[in-house]
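One structure is given below, encoded as structure tokens.
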Amino acid sequence: MTPNDGSDTDTEQNRTEWRVGTATRVITPERLILLSGYGDRTEPSTGTAMELHAKAVALEDEKGSVAVIVGVDVLGVTRDLHAAVVRRCRQEYGLESAELLVNASHTHHGPEYRVDDSRLWDTAGTNDQRAREYRERLEDEIVDVVGAALEARSDADLRYSHGRCGFGMNRRRPGPDGFDLASYPDGVVDTDVPVLVATSDDTVRAILFGYACHPTSHPKMREFHPDWPGVATAALEERFPDATAVFLQGCAADQNPVPRREREQTVQHGQTAANAVEAAIGARGKSVRGPLRTLTEETTLEFEEQPDRAELERRLADADGEDRYANRLLDVLDRDGEIRTEFPYLVQAIGFGSDLTLVSLPGEVPVRYAHRITDALAGDTWVAAYSNHGYVYVPTDRQLYEGGYEPTWVFIYWDYPAPVKPSTEDRIAETALALAQRAGATRRDERE
């Protein structure tokens with residue numbers, strides 16, 4: 001199939017019949033619960049500033065192939081949550097794992113639904129029961145919104161376009177003592193705002209859009225809030241009242257909104273993102289045909305060796321019992337007898353023929369991953385991170401050598417033992433590129 005160059009005239013010959021459905025569920029906790037995203041916020045929520053949502057868009061091509069994409073206003077998707085949702089969607093709707101993408105917006109004002117066995121943030125264990133209860137509800141809501149979107153499918157046309165957005169800034173600033181967690185205007189960014197739009201009778205029915213930027217513009221408070229992505233989706237649904245807007249977070253591990261930490265800045269950034277999406281919709285872009293292909297493949301996250309038990313116990317003694325990292329790994333040793341250094345990493349590709357390829361990666365992925373993947377492929381490519389499972393930064397090789405927050409410190413909060421090995425970047429990127437090719441994309445070197 002010849003790639004669409006954006007100049008098509010939507011004749012019957014080059015159009016594909018699509019069926020598209022959407023659904024929305026409010027997922028704001030009904031009880032007070034710890035919020036996730038900031039390690040120094042140890043008190044439970046006080047209320048709701050703006051509702052949190054799970055939103056889904058279901059896509060079906062003319063041959064009956066299906067993909068469902070879900071955006072959820074939480075910090076991340078745990079492996080156990082993703083596995084449970086996949087299992088139930090297979091049982092209830094006949095969906096396979098590759099046909100379902102669950103993306104976390106990464107808001108830092110969502111509920112902490114993980115049980116803190118090692119007492120890294122819930123030192124008194126007061127959040128455990130509420131976390132379990134909310135985790136069950138979140139699973140139900142995601143499964144339900146998938147089913148509702150599938151049920152709502154009707155005939156539609158698909159078009160792909162993209163806009164530009166500039167409030168995200170690199171946050172790895174080089175200094176005399178290393179790399180600081182601070183705004184760095186000369187650092188790498190991604191200004192692209194990919195937009196997939198479903199219309200019926202010239203009415204916008206579904207908007208799927210993305211951008212790579214941390215949702216940390218809202219001030220550090222104890223109220224639930226979806227941050228700028230939630231403001232953007234609400235603005236789009238106000239401007240297109242017959243549409244459901246679904247956001248996919250991009251490779252934002254090293255990208256922060258600037259300016260930030262004021263309520264008005266959250267609104268400003270959300271409206272800016274909505275403006276970029278609206279401009280892309282107005283530009284119309286190109287028709288998206290098919291066929292729809294969905295694939296997943298597991299590669300491996302490999303971590304450096306961790307200290308042995310004696311070293312961990314020494315660290316704990318030196319810190320008077322307050323070393324979170326040592327406490328957690330000693331708990332793992334007591335429970336499992338060993339500390340794993342390899343974990344599965346699920347890469348996914350959704351291909352729309354040769355017109356568009358959507359690649360999703362788990363965890364907090366820096367923007368250079370998106371550039372590496374999109375630069376290697378000839379057609380339109382969209383890379384989303386924070387997808388399907390994974391609470392860990394996945395730094396590039398360069399960042400591992402540079403050091404700083406993302407590659408060498410923050411892993412202590414997640415279920416991983418040490419920084420990843422330098423081989424990780426190549427393994428993930430090449431797996432993603434191979435899947436993209438199988439889904440319909442073409443590598444630039446092969447086309448040339």
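Ordering of the structure tokens sets the chain letters (A, B, ...), residue numbers begin anew at 1 in every chain, and ligands are numbered from 1 in the order given.
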
Legend entry - Members of segment 381-438 of chain A assigned alpha helix (DSSP H) by DSSP, as a list in words: Asp397, Arg398, Gln399, Leu400, Tyr401, Glu402, Tyr405, Glu406, Pro407, Thr408, Thr424, Glu425, Asp426, Arg427, Ile428, Ala429, Glu430, Thr431, Ala432, Leu433, Ala434, Leu435, Ala436, Gln437 and Arg438 of chain A

Legend entry - Contact residues around Ala279 of chain A with only C-alpha atoms at 10 Å, ignoring same-chain residues under 2 positions, as a list of chain:residue names: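 Once the nearby chain positions are removed, what remains is A:Ser161, A:His162, A:Gly163, A:Arg164, A:Val195, A:Ala273, A:Ala274, A:Asn275, A:Ala276, A:Val277, A:Ile281, A:Gly282, A:Ala283, A:Arg284.
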
Legend entry - Who sits within 12 Å of Asp144 of chain A, only C-alpha atoms, same chain under 4 positions skipped, as a list of chain:residue names: A:Thr22, A:Ala23, A:Thr24, A:Arg25, A:Val26, A:Ile27, A:Ala54, A:Lys55, A:Ala56, A:Val70, A:Val85, A:Arg88, A:Cys89, A:Glu92, A:Tyr93, A:Arg137, A:Leu138, A:Glu139, A:Asp140, A:Ala148, A:Ala149, A:Leu150, A:Glu151

Selected residues, N, CA and C atoms, written as an mmCIF file, in the first residue's frame, please.
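out31.cif, freshly written:
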data_model
loop_
_atom_site.group_PDB
_atom_site.id
_atom_site.type_symbol
_atom_site.label_atom_id
_atom_site.label_comp_id
_atom_site.auth_asym_id
_atom_site.auth_seq_id
_atom_site.Cartn_x
_atom_site.Cartn_y
_atom_site.Cartn_z
ATOM 1 N N THR A 22 -16.678 5.643 21.820
ATOM 2 C CA THR A 22 -15.975 6.235 22.951
ATOM 3 C C THR A 22 -16.795 6.063 24.222
ATOM 4 N N ALA A 23 -16.129 6.221 25.353
ATOM 5 C CA ALA A 23 -16.810 6.166 26.644
ATOM 6 C C ALA A 23 -15.948 6.873 27.678
ATOM 7 N N THR A 24 -16.593 7.330 28.739
ATOM 8 C CA THR A 24 -15.924 8.051 29.820
ATOM 9 C C THR A 24 -16.443 7.552 31.164
ATOM 10 N N ARG A 25 -15.549 7.419 32.126
ATOM 11 C CA ARG A 25 -15.932 7.090 33.490
ATOM 12 C C ARG A 25 -15.186 8.012 34.448
ATOM 13 N N VAL A 26 -15.882 8.517 35.453
ATOM 14 C CA VAL A 26 -15.243 9.292 36.513
ATOM 15 C C VAL A 26 -14.570 8.315 37.464
ATOM 16 N N ILE A 27 -13.297 8.569 37.777
ATOM 17 C CA ILE A 27 -12.552 7.659 38.654
ATOM 18 C C ILE A 27 -12.039 8.367 39.912
ATOM 19 N N ALA A 54 -11.283 8.066 33.404
ATOM 20 C CA ALA A 54 -10.785 7.056 32.470
ATOM 21 C C ALA A 54 -11.611 7.223 31.200
ATOM 22 N N LYS A 55 -10.933 7.396 30.071
ATOM 23 C CA LYS A 55 -11.624 7.620 28.793
ATOM 24 C C LYS A 55 -11.090 6.639 27.763
ATOM 25 N N ALA A 56 -11.990 6.117 26.943
ATOM 26 C CA ALA A 56 -11.597 5.092 25.971
ATOM 27 C C ALA A 56 -12.122 5.431 24.594
ATOM 28 N N VAL A 70 -7.093 3.515 26.000
ATOM 29 C CA VAL A 70 -7.655 4.075 27.221
ATOM 30 C C VAL A 70 -6.666 5.056 27.832
ATOM 31 N N VAL A 85 -6.712 -6.226 34.056
ATOM 32 C CA VAL A 85 -7.578 -5.618 33.046
ATOM 33 C C VAL A 85 -7.540 -6.423 31.750
ATOM 34 N N ARG A 88 -9.526 -9.724 32.167
ATOM 35 C CA ARG A 88 -10.972 -9.550 32.164
ATOM 36 C C ARG A 88 -11.500 -9.095 30.808
ATOM 37 N N CYS A 89 -10.751 -8.254 30.107
ATOM 38 C CA CYS A 89 -11.194 -7.810 28.779
ATOM 39 C C CYS A 89 -11.158 -8.964 27.778
ATOM 40 N N GLU A 92 -14.361 -11.018 28.890
ATOM 41 C CA GLU A 92 -15.654 -10.362 28.722
ATOM 42 C C GLU A 92 -15.892 -9.827 27.311
ATOM 43 N N TYR A 93 -14.823 -9.450 26.612
ATOM 44 C CA TYR A 93 -15.013 -8.816 25.304
ATOM 45 C C TYR A 93 -14.246 -9.504 24.185
ATOM 46 N N ARG A 137 -11.634 -0.824 42.484
ATOM 47 C CA ARG A 137 -12.557 0.040 41.750
ATOM 48 C C ARG A 137 -11.942 0.486 40.426
ATOM 49 N N LEU A 138 -10.650 0.855 40.437
ATOM 50 C CA LEU A 138 -10.006 1.319 39.213
ATOM 51 C C LEU A 138 -10.014 0.221 38.149
ATOM 52 N N GLU A 139 -9.729 -0.991 38.547
ATOM 53 C CA GLU A 139 -9.801 -2.111 37.601
ATOM 54 C C GLU A 139 -11.200 -2.219 37.004
ATOM 55 N N ASP A 140 -12.227 -2.158 37.851
ATOM 56 C CA ASP A 140 -13.608 -2.251 37.362
ATOM 57 C C ASP A 140 -13.927 -1.125 36.387
ATOM 58 N N ALA A 148 -17.896 -0.223 27.326
ATOM 59 C CA ALA A 148 -18.823 0.812 26.862
ATOM 60 C C ALA A 148 -18.376 1.405 25.530
ATOM 61 N N ALA A 149 -17.072 1.601 25.352
ATOM 62 C CA ALA A 149 -16.579 2.131 24.077
ATOM 63 C C ALA A 149 -16.810 1.136 22.949
ATOM 64 N N LEU A 150 -16.587 -0.144 23.225
ATOM 65 C CA LEU A 150 -16.863 -1.159 22.211
ATOM 66 C C LEU A 150 -18.344 -1.180 21.840
ATOM 67 N N GLU A 151 -19.198 -1.059 22.829
ATOM 68 C CA GLU A 151 -20.650 -1.074 22.598
ATOM 69 C C GLU A 151 -21.099 0.124 21.781
#

Legend entry - Residues within 10 Å of Thr272 of chain A, only C-alpha atoms, excluding chain neighbours under 3 positions, as a list in words: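 Residues meeting the cut-off are Arg164, Cys165, Gly166, Phe167, Trp228, Val231, Ala232, Ala235, Thr266, Val267, Gln268, His269, Asn275, Ala276, Val277 and Glu278 of chain A.
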
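Of the residues under consideration (A:Ser97, A:Arg114, A:Asp80, A:Glu51), A:Arg114 shows the shortest atom-to-atom contact distance to Leu34 of chain A when counting only C-alpha atoms.
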
Inset, instruction - Apply DSSP to the backbone of this structure and, from segment 305-407 of chain A, keep only the residues in strand (DSSP E or B); write these as number ranges by chain. - result: A: 342-352, 356-360, 364, 377, 381-384, 387, 393

Selection file, C-alpha atoms, as an mmCIF file, in the first residue's frame:
data_model
loop_
_atom_site.group_PDB
_atom_site.id
_atom_site.type_symbol
_atom_site.label_atom_id
_atom_site.label_comp_id
_atom_site.auth_asym_id
_atom_site.auth_seq_id
_atom_site.Cartn_x
_atom_site.Cartn_y
_atom_site.Cartn_z
ATOM 1 C CA GLU A 342 15.542 -8.562 35.139
ATOM 2 C CA PHE A 343 11.932 -7.521 34.556
ATOM 3 C CA PRO A 344 9.642 -7.872 31.511
ATOM 4 C CA TYR A 345 9.045 -4.743 29.433
ATOM 5 C CA LEU A 346 6.010 -4.762 27.139
ATOM 6 C CA VAL A 347 6.387 -2.854 23.858
ATOM 7 C CA GLN A 348 3.269 -2.345 21.740
ATOM 8 C CA ALA A 349 2.543 -1.161 18.206
ATOM 9 C CA ILE A 350 -0.791 -0.263 16.638
ATOM 10 C CA GLY A 351 -0.543 0.184 12.893
ATOM 11 C CA PHE A 352 -3.029 1.916 10.611
ATOM 12 C CA LEU A 356 0.230 5.911 10.931
ATOM 13 C CA THR A 357 1.981 3.797 13.560
ATOM 14 C CA LEU A 358 1.374 4.241 17.286
ATOM 15 C CA VAL A 359 4.125 2.810 19.501
ATOM 16 C CA SER A 360 3.656 2.557 23.258
ATOM 17 C CA GLU A 364 8.889 7.041 32.357
ATOM 18 C CA LEU A 377 10.729 5.452 10.396
ATOM 19 C CA THR A 381 4.817 7.743 13.919
ATOM 20 C CA TRP A 382 3.407 8.500 17.367
ATOM 21 C CA VAL A 383 5.261 7.359 20.490
ATOM 22 C CA ALA A 384 3.483 7.221 23.855
ATOM 23 C CA SER A 387 1.641 2.704 28.917
ATOM 24 C CA TYR A 393 12.432 5.699 34.731
#

Inset, instruction - Using only C-alpha atoms, find the one residue out of A:Glu237, A:Asp254, A:Asp426, A:Asp155 that sits nearest to Ser183 of chain A. - result: A:Asp254
